[in-house]
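So this one's final.txt, compact mmCIF, N, CA and C atoms:
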# COMPACT_ATOMS: atom_id res chain seq x y z
N MET A 18 14.63 2.32 5.30
CA MET A 18 14.50 2.61 3.90
C MET A 18 14.10 4.06 3.76
N GLY A 19 14.53 4.68 2.71
CA GLY A 19 14.28 6.09 2.52
C GLY A 19 12.89 6.41 2.01
N PHE A 20 12.58 7.66 2.07
CA PHE A 20 11.28 8.17 1.67
C PHE A 20 11.00 7.87 0.20
N LEU A 21 11.97 8.11 -0.66
CA LEU A 21 11.81 7.88 -2.09
C LEU A 21 11.60 6.40 -2.40
N THR A 22 12.27 5.54 -1.66
CA THR A 22 12.11 4.10 -1.87
C THR A 22 10.67 3.67 -1.57
N TRP A 23 10.10 4.20 -0.50
CA TRP A 23 8.72 3.84 -0.16
C TRP A 23 7.73 4.40 -1.17
N ILE A 24 8.06 5.53 -1.78
CA ILE A 24 7.19 6.06 -2.84
C ILE A 24 7.21 5.12 -4.04
N ILE A 25 8.40 4.66 -4.42
CA ILE A 25 8.51 3.71 -5.53
C ILE A 25 7.81 2.41 -5.19
N PHE A 26 8.05 1.91 -3.99
CA PHE A 26 7.34 0.70 -3.53
C PHE A 26 5.84 0.94 -3.56
N GLY A 27 5.42 2.10 -3.14
CA GLY A 27 3.99 2.43 -3.09
C GLY A 27 3.35 2.47 -4.47
N LEU A 28 4.07 2.97 -5.45
CA LEU A 28 3.55 2.98 -6.82
C LEU A 28 3.29 1.56 -7.30
N ILE A 29 4.26 0.70 -7.06
CA ILE A 29 4.11 -0.69 -7.47
C ILE A 29 3.05 -1.39 -6.63
N ALA A 30 3.10 -1.17 -5.32
CA ALA A 30 2.14 -1.80 -4.41
C ALA A 30 0.72 -1.34 -4.69
N GLY A 31 0.54 -0.08 -5.06
CA GLY A 31 -0.79 0.42 -5.40
C GLY A 31 -1.35 -0.26 -6.62
N ALA A 32 -0.50 -0.47 -7.63
CA ALA A 32 -0.94 -1.17 -8.84
C ALA A 32 -1.28 -2.63 -8.53
N VAL A 33 -0.45 -3.28 -7.71
CA VAL A 33 -0.72 -4.67 -7.33
C VAL A 33 -1.98 -4.76 -6.47
N ALA A 34 -2.15 -3.82 -5.54
CA ALA A 34 -3.34 -3.82 -4.68
C ALA A 34 -4.60 -3.62 -5.51
N LYS A 35 -4.52 -2.78 -6.51
CA LYS A 35 -5.67 -2.57 -7.40
C LYS A 35 -5.97 -3.85 -8.17
N TRP A 36 -4.94 -4.57 -8.57
CA TRP A 36 -5.12 -5.83 -9.28
C TRP A 36 -5.71 -6.90 -8.36
N ILE A 37 -5.27 -6.91 -7.08
CA ILE A 37 -5.76 -7.90 -6.12
C ILE A 37 -7.22 -7.63 -5.76
N SER A 38 -7.58 -6.37 -5.61
CA SER A 38 -8.96 -6.03 -5.23
C SER A 38 -9.60 -5.18 -6.32
N PRO A 39 -10.01 -5.83 -7.42
CA PRO A 39 -10.60 -5.06 -8.52
C PRO A 39 -11.98 -4.55 -8.16
N GLY A 40 -12.45 -3.68 -8.98
CA GLY A 40 -13.77 -3.09 -8.77
C GLY A 40 -13.70 -1.60 -8.97
N ASN A 41 -14.83 -0.97 -8.83
CA ASN A 41 -14.87 0.48 -8.99
C ASN A 41 -14.37 1.15 -7.73
N ASP A 42 -13.31 1.89 -7.89
CA ASP A 42 -12.76 2.68 -6.79
C ASP A 42 -13.21 4.12 -6.95
N PRO A 43 -13.43 4.80 -5.85
CA PRO A 43 -13.86 6.21 -5.95
C PRO A 43 -12.86 7.09 -6.68
N GLY A 44 -11.58 6.77 -6.65
CA GLY A 44 -10.57 7.61 -7.29
C GLY A 44 -9.99 7.02 -8.55
N GLY A 45 -10.44 5.84 -8.97
CA GLY A 45 -9.90 5.20 -10.16
C GLY A 45 -8.48 4.71 -9.93
N TRP A 46 -7.75 4.48 -11.02
CA TRP A 46 -6.38 3.97 -10.93
C TRP A 46 -5.45 4.95 -10.22
N ILE A 47 -5.60 6.23 -10.52
CA ILE A 47 -4.73 7.25 -9.90
C ILE A 47 -4.95 7.28 -8.39
N GLY A 48 -6.20 7.27 -7.98
CA GLY A 48 -6.51 7.25 -6.55
C GLY A 48 -5.99 6.00 -5.88
N SER A 49 -6.08 4.85 -6.58
CA SER A 49 -5.57 3.60 -6.02
C SER A 49 -4.06 3.63 -5.83
N ILE A 50 -3.36 4.23 -6.78
CA ILE A 50 -1.91 4.30 -6.68
C ILE A 50 -1.50 5.26 -5.56
N ILE A 51 -2.22 6.36 -5.41
CA ILE A 51 -1.93 7.29 -4.31
C ILE A 51 -2.19 6.61 -2.97
N VAL A 52 -3.30 5.89 -2.88
CA VAL A 52 -3.58 5.13 -1.67
C VAL A 52 -2.52 4.06 -1.48
N GLY A 53 -2.02 3.48 -2.57
CA GLY A 53 -0.94 2.50 -2.49
C GLY A 53 0.34 3.08 -1.92
N ILE A 54 0.67 4.30 -2.29
CA ILE A 54 1.85 4.96 -1.74
C ILE A 54 1.69 5.15 -0.24
N LEU A 55 0.53 5.65 0.16
CA LEU A 55 0.27 5.83 1.59
C LEU A 55 0.24 4.49 2.31
N GLY A 56 -0.34 3.47 1.65
CA GLY A 56 -0.39 2.14 2.23
C GLY A 56 0.98 1.52 2.40
N ALA A 57 1.90 1.82 1.49
CA ALA A 57 3.26 1.32 1.63
C ALA A 57 3.92 1.90 2.88
N PHE A 58 3.68 3.18 3.13
CA PHE A 58 4.20 3.78 4.36
C PHE A 58 3.58 3.14 5.60
N VAL A 59 2.26 2.95 5.55
CA VAL A 59 1.57 2.31 6.68
C VAL A 59 2.07 0.88 6.87
N GLY A 60 2.17 0.14 5.76
CA GLY A 60 2.66 -1.23 5.84
C GLY A 60 4.09 -1.31 6.35
N GLY A 61 4.93 -0.39 5.90
CA GLY A 61 6.31 -0.36 6.39
C GLY A 61 6.38 -0.07 7.88
N TRP A 62 5.54 0.85 8.32
CA TRP A 62 5.53 1.18 9.74
C TRP A 62 5.02 0.01 10.56
N LEU A 63 3.87 -0.55 10.13
CA LEU A 63 3.30 -1.69 10.85
C LEU A 63 4.24 -2.89 10.82
N GLY A 64 4.85 -3.12 9.68
CA GLY A 64 5.76 -4.25 9.55
C GLY A 64 6.97 -4.15 10.46
N SER A 65 7.52 -2.95 10.57
CA SER A 65 8.71 -2.80 11.41
C SER A 65 8.37 -2.69 12.89
N MET A 66 7.29 -2.03 13.22
CA MET A 66 6.95 -1.82 14.63
C MET A 66 6.23 -3.01 15.27
N ILE A 67 5.25 -3.55 14.58
CA ILE A 67 4.42 -4.58 15.18
C ILE A 67 4.90 -5.99 14.83
N LEU A 68 5.18 -6.22 13.55
CA LEU A 68 5.54 -7.56 13.11
C LEU A 68 7.03 -7.85 13.21
N GLY A 69 7.84 -6.82 13.35
CA GLY A 69 9.28 -7.01 13.45
C GLY A 69 9.95 -7.37 12.14
N VAL A 70 9.30 -7.06 11.02
CA VAL A 70 9.86 -7.35 9.71
C VAL A 70 10.92 -6.30 9.39
N ASP A 71 12.05 -6.74 8.90
CA ASP A 71 13.13 -5.83 8.51
C ASP A 71 12.78 -5.22 7.16
N VAL A 72 12.49 -3.94 7.16
CA VAL A 72 12.07 -3.26 5.93
C VAL A 72 13.16 -2.31 5.44
N THR A 73 14.34 -2.85 5.26
CA THR A 73 15.45 -2.04 4.77
C THR A 73 15.85 -2.52 3.38
N GLY A 74 15.63 -1.68 2.40
CA GLY A 74 16.04 -1.99 1.05
C GLY A 74 14.98 -2.68 0.22
N PHE A 75 15.32 -2.89 -1.04
CA PHE A 75 14.43 -3.58 -1.97
C PHE A 75 14.59 -5.07 -1.77
N ASN A 76 13.71 -5.66 -0.99
CA ASN A 76 13.72 -7.10 -0.81
C ASN A 76 12.28 -7.60 -0.78
N PHE A 77 12.14 -8.90 -0.80
CA PHE A 77 10.82 -9.51 -0.92
C PHE A 77 9.93 -9.20 0.28
N SER A 78 10.48 -9.26 1.48
CA SER A 78 9.66 -9.00 2.66
C SER A 78 9.18 -7.56 2.70
N SER A 79 10.02 -6.62 2.31
CA SER A 79 9.60 -5.22 2.26
C SER A 79 8.50 -5.03 1.22
N PHE A 80 8.63 -5.71 0.11
CA PHE A 80 7.62 -5.61 -0.94
C PHE A 80 6.28 -6.18 -0.48
N LEU A 81 6.31 -7.32 0.21
CA LEU A 81 5.07 -7.90 0.73
C LEU A 81 4.41 -7.00 1.77
N VAL A 82 5.23 -6.39 2.61
CA VAL A 82 4.69 -5.48 3.63
C VAL A 82 4.05 -4.27 2.95
N ALA A 83 4.68 -3.75 1.92
CA ALA A 83 4.13 -2.60 1.20
C ALA A 83 2.82 -2.97 0.52
N ILE A 84 2.76 -4.14 -0.10
CA ILE A 84 1.52 -4.58 -0.74
C ILE A 84 0.43 -4.79 0.31
N GLY A 85 0.78 -5.42 1.42
CA GLY A 85 -0.20 -5.63 2.49
C GLY A 85 -0.78 -4.32 3.00
N GLY A 86 0.08 -3.34 3.23
CA GLY A 86 -0.40 -2.03 3.67
C GLY A 86 -1.27 -1.36 2.63
N ALA A 87 -0.90 -1.50 1.36
CA ALA A 87 -1.69 -0.89 0.28
C ALA A 87 -3.05 -1.55 0.16
N VAL A 88 -3.09 -2.88 0.25
CA VAL A 88 -4.38 -3.58 0.18
C VAL A 88 -5.26 -3.18 1.36
N LEU A 89 -4.68 -3.12 2.55
CA LEU A 89 -5.44 -2.73 3.74
C LEU A 89 -5.99 -1.31 3.60
N LEU A 90 -5.15 -0.38 3.19
CA LEU A 90 -5.60 1.00 3.07
C LEU A 90 -6.61 1.16 1.93
N LEU A 91 -6.41 0.42 0.83
CA LEU A 91 -7.36 0.48 -0.27
C LEU A 91 -8.72 -0.07 0.16
N PHE A 92 -8.73 -1.14 0.93
CA PHE A 92 -9.97 -1.70 1.46
C PHE A 92 -10.69 -0.67 2.33
N LEU A 93 -9.95 -0.05 3.24
CA LEU A 93 -10.56 0.97 4.11
C LEU A 93 -11.06 2.17 3.30
N TYR A 94 -10.30 2.56 2.31
CA TYR A 94 -10.68 3.67 1.44
C TYR A 94 -12.00 3.38 0.71
N LYS A 95 -12.12 2.16 0.19
CA LYS A 95 -13.36 1.77 -0.49
C LYS A 95 -14.54 1.76 0.48
N GLN A 96 -14.30 1.28 1.70
CA GLN A 96 -15.39 1.23 2.69
C GLN A 96 -15.85 2.62 3.09
N ILE A 97 -14.92 3.50 3.31
CA ILE A 97 -15.27 4.86 3.76
C ILE A 97 -15.89 5.67 2.63
N MET A 98 -15.27 5.65 1.44
CA MET A 98 -15.76 6.46 0.34
C MET A 98 -17.02 5.87 -0.29
N GLY A 99 -17.21 4.56 -0.16
CA GLY A 99 -18.39 3.93 -0.73
C GLY A 99 -19.67 4.24 0.02
N ARG A 100 -19.55 4.71 1.23
CA ARG A 100 -20.72 5.02 2.06
C ARG A 100 -21.27 6.40 1.78
N ARG A 101 -20.58 7.19 1.05
CA ARG A 101 -21.03 8.57 0.80
C ARG A 101 -22.03 8.63 -0.31
Structure rendered as structure tokens:
Amino acid sequence: MGFLTWIIFGLIAGAVAKWISPGNDPGGWIGSIIVGILGAFVGGWLGSMILGVDVTGFNFSSFLVAIGGAVLLLFLYKQIMGRR
């Protein structure tokens, strides 16, 4: 999947990840969506390399992998930034 596709997935995944894990984030909604974009890339990489998920195109498995990566990265972001 292309770079632009993962950015679009990341925007959506960031919003969904924020909805799944509500609370005060250090960066607010904008920070959550940016973390979601990065998380979509991480999720896509982990999904294709470790889990063997086919992440080509707009499909349900790619979307789940992007959301999973966004939730994971958002959780780590909250843990790291919350300690400061």
Length of the atom C of Ile37 (chain A) to atom C of Ala87 (chain A) vector [Å]
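Between atom C of Ile37 (chain A) and atom C of Ala87 (chain A) the gap is 9.5 Å.
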Quick one: distance from atom C of Trp36 (chain A) to atom N of Val88 (chain A) in Å, one decimal?
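Those two atoms sit 9.9 Å apart.
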Which distance in Å separates CA of Ile25 (chain A) and atom C of Gln96 (chain A), to one decimal?
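If I compute the distance from CA of Ile25 (chain A) to atom C of Gln96 (chain A), I get 25.9 Å.
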Mind the document's chain letters and residue numbers, and return as a list in words the residues of region 28-61 of chain A that DSSP labels helix (DSSP H, G or I).
Leu28, Ile29, Ala30, Gly31, Ala32, Val33, Ala34, Lys35, Trp36, Ile37, Gly45, Trp46, Ile47, Gly48, Ser49, Ile50, Ile51, Val52, Gly53, Ile54, Leu55, Gly56, Ala57, Phe58, Val59, Gly60 and Gly61 of chain A
Limited to N, CA and C atoms, could you put the picked residues into a file as an mmCIF file, in the coordinates of the input?
data_model
loop_
_atom_site.group_PDB
_atom_site.id
_atom_site.type_symbol
_atom_site.label_atom_id
_atom_site.label_comp_id
_atom_site.auth_asym_id
_atom_site.auth_seq_id
_atom_site.Cartn_x
_atom_site.Cartn_y
_atom_site.Cartn_z
ATOM 1 N N LEU A 28 4.070 2.970 -5.450
ATOM 2 C CA LEU A 28 3.550 2.980 -6.820
ATOM 3 C C LEU A 28 3.290 1.560 -7.300
ATOM 4 N N ILE A 29 4.260 0.700 -7.060
ATOM 5 C CA ILE A 29 4.110 -0.690 -7.470
ATOM 6 C C ILE A 29 3.050 -1.390 -6.630
ATOM 7 N N ALA A 30 3.100 -1.170 -5.320
ATOM 8 C CA ALA A 30 2.140 -1.800 -4.410
ATOM 9 C C ALA A 30 0.720 -1.340 -4.690
ATOM 10 N N GLY A 31 0.540 -0.080 -5.060
ATOM 11 C CA GLY A 31 -0.790 0.420 -5.400
ATOM 12 C C GLY A 31 -1.350 -0.260 -6.620
ATOM 13 N N ALA A 32 -0.500 -0.470 -7.630
ATOM 14 C CA ALA A 32 -0.940 -1.170 -8.840
ATOM 15 C C ALA A 32 -1.280 -2.630 -8.530
ATOM 16 N N VAL A 33 -0.450 -3.280 -7.710
ATOM 17 C CA VAL A 33 -0.720 -4.670 -7.330
ATOM 18 C C VAL A 33 -1.980 -4.760 -6.470
ATOM 19 N N ALA A 34 -2.150 -3.820 -5.540
ATOM 20 C CA ALA A 34 -3.340 -3.820 -4.680
ATOM 21 C C ALA A 34 -4.600 -3.620 -5.510
ATOM 22 N N LYS A 35 -4.520 -2.780 -6.510
ATOM 23 C CA LYS A 35 -5.670 -2.570 -7.400
ATOM 24 C C LYS A 35 -5.970 -3.850 -8.170
ATOM 25 N N TRP A 36 -4.940 -4.570 -8.570
ATOM 26 C CA TRP A 36 -5.120 -5.830 -9.280
ATOM 27 C C TRP A 36 -5.710 -6.900 -8.360
ATOM 28 N N ILE A 37 -5.270 -6.910 -7.080
ATOM 29 C CA ILE A 37 -5.760 -7.900 -6.120
ATOM 30 C C ILE A 37 -7.220 -7.630 -5.760
ATOM 31 N N GLY A 45 -10.440 5.840 -8.970
ATOM 32 C CA GLY A 45 -9.900 5.200 -10.160
ATOM 33 C C GLY A 45 -8.480 4.710 -9.930
ATOM 34 N N TRP A 46 -7.750 4.480 -11.020
ATOM 35 C CA TRP A 46 -6.380 3.970 -10.930
ATOM 36 C C TRP A 46 -5.450 4.950 -10.220
ATOM 37 N N ILE A 47 -5.600 6.230 -10.520
ATOM 38 C CA ILE A 47 -4.730 7.250 -9.900
ATOM 39 C C ILE A 47 -4.950 7.280 -8.390
ATOM 40 N N GLY A 48 -6.200 7.270 -7.980
ATOM 41 C CA GLY A 48 -6.510 7.250 -6.550
ATOM 42 C C GLY A 48 -5.990 6.000 -5.880
ATOM 43 N N SER A 49 -6.080 4.850 -6.580
ATOM 44 C CA SER A 49 -5.570 3.600 -6.020
ATOM 45 C C SER A 49 -4.060 3.630 -5.830
ATOM 46 N N ILE A 50 -3.360 4.230 -6.780
ATOM 47 C CA ILE A 50 -1.910 4.300 -6.680
ATOM 48 C C ILE A 50 -1.500 5.260 -5.560
ATOM 49 N N ILE A 51 -2.220 6.360 -5.410
ATOM 50 C CA ILE A 51 -1.930 7.290 -4.310
ATOM 51 C C ILE A 51 -2.190 6.610 -2.970
ATOM 52 N N VAL A 52 -3.300 5.890 -2.880
ATOM 53 C CA VAL A 52 -3.580 5.130 -1.670
ATOM 54 C C VAL A 52 -2.520 4.060 -1.480
ATOM 55 N N GLY A 53 -2.020 3.480 -2.570
ATOM 56 C CA GLY A 53 -0.940 2.500 -2.490
ATOM 57 C C GLY A 53 0.340 3.080 -1.920
ATOM 58 N N ILE A 54 0.670 4.300 -2.290
ATOM 59 C CA ILE A 54 1.850 4.960 -1.740
ATOM 60 C C ILE A 54 1.690 5.150 -0.240
ATOM 61 N N LEU A 55 0.530 5.650 0.160
ATOM 62 C CA LEU A 55 0.270 5.830 1.590
ATOM 63 C C LEU A 55 0.240 4.490 2.310
ATOM 64 N N GLY A 56 -0.340 3.470 1.650
ATOM 65 C CA GLY A 56 -0.390 2.140 2.230
ATOM 66 C C GLY A 56 0.980 1.520 2.400
ATOM 67 N N ALA A 57 1.900 1.820 1.490
ATOM 68 C CA ALA A 57 3.260 1.320 1.630
ATOM 69 C C ALA A 57 3.920 1.900 2.880
ATOM 70 N N PHE A 58 3.680 3.180 3.130
ATOM 71 C CA PHE A 58 4.200 3.780 4.360
ATOM 72 C C PHE A 58 3.580 3.140 5.600
ATOM 73 N N VAL A 59 2.260 2.950 5.550
ATOM 74 C CA VAL A 59 1.570 2.310 6.680
ATOM 75 C C VAL A 59 2.070 0.880 6.870
ATOM 76 N N GLY A 60 2.170 0.140 5.760
ATOM 77 C CA GLY A 60 2.660 -1.230 5.840
ATOM 78 C C GLY A 60 4.090 -1.310 6.350
ATOM 79 N N GLY A 61 4.930 -0.390 5.900
ATOM 80 C CA GLY A 61 6.310 -0.360 6.390
ATOM 81 C C GLY A 61 6.380 -0.070 7.880
#
Pick from A:Val70, A:Ala34, A:Ile24, A:Ile51, whichever lies nearest to Phe92 (chain A) using only C-alpha atoms:
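Closest to Phe92 (chain A) of all the choices is A:Ala34.
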Neighbouring residues of Val82 (chain A) were defined as those with any atom within 7 Å, considering all atoms listed in the file; residues of the same chain fewer than 3 positions away were excluded. Please report them as a ChimeraX atom specification.
/A:56-57,59-61,64,77-79,85-87
Residue nearest Ser38 (chain A) among A:Ala83, A:Leu21, A:Leu89, A:Leu68 (counting only C-alpha atoms)
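Going through A:Ala83, A:Leu21, A:Leu89, A:Leu68 one by one, the smallest distance to Ser38 (chain A) is for A:Leu89.
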Selected residue, from A:Gly69, A:Leu91, A:Phe58, A:Phe80, that lies nearest to Ile29 (chain A) when counting only C-alpha atoms
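Among the listed residues, A:Phe80 lies closest to Ile29 (chain A).
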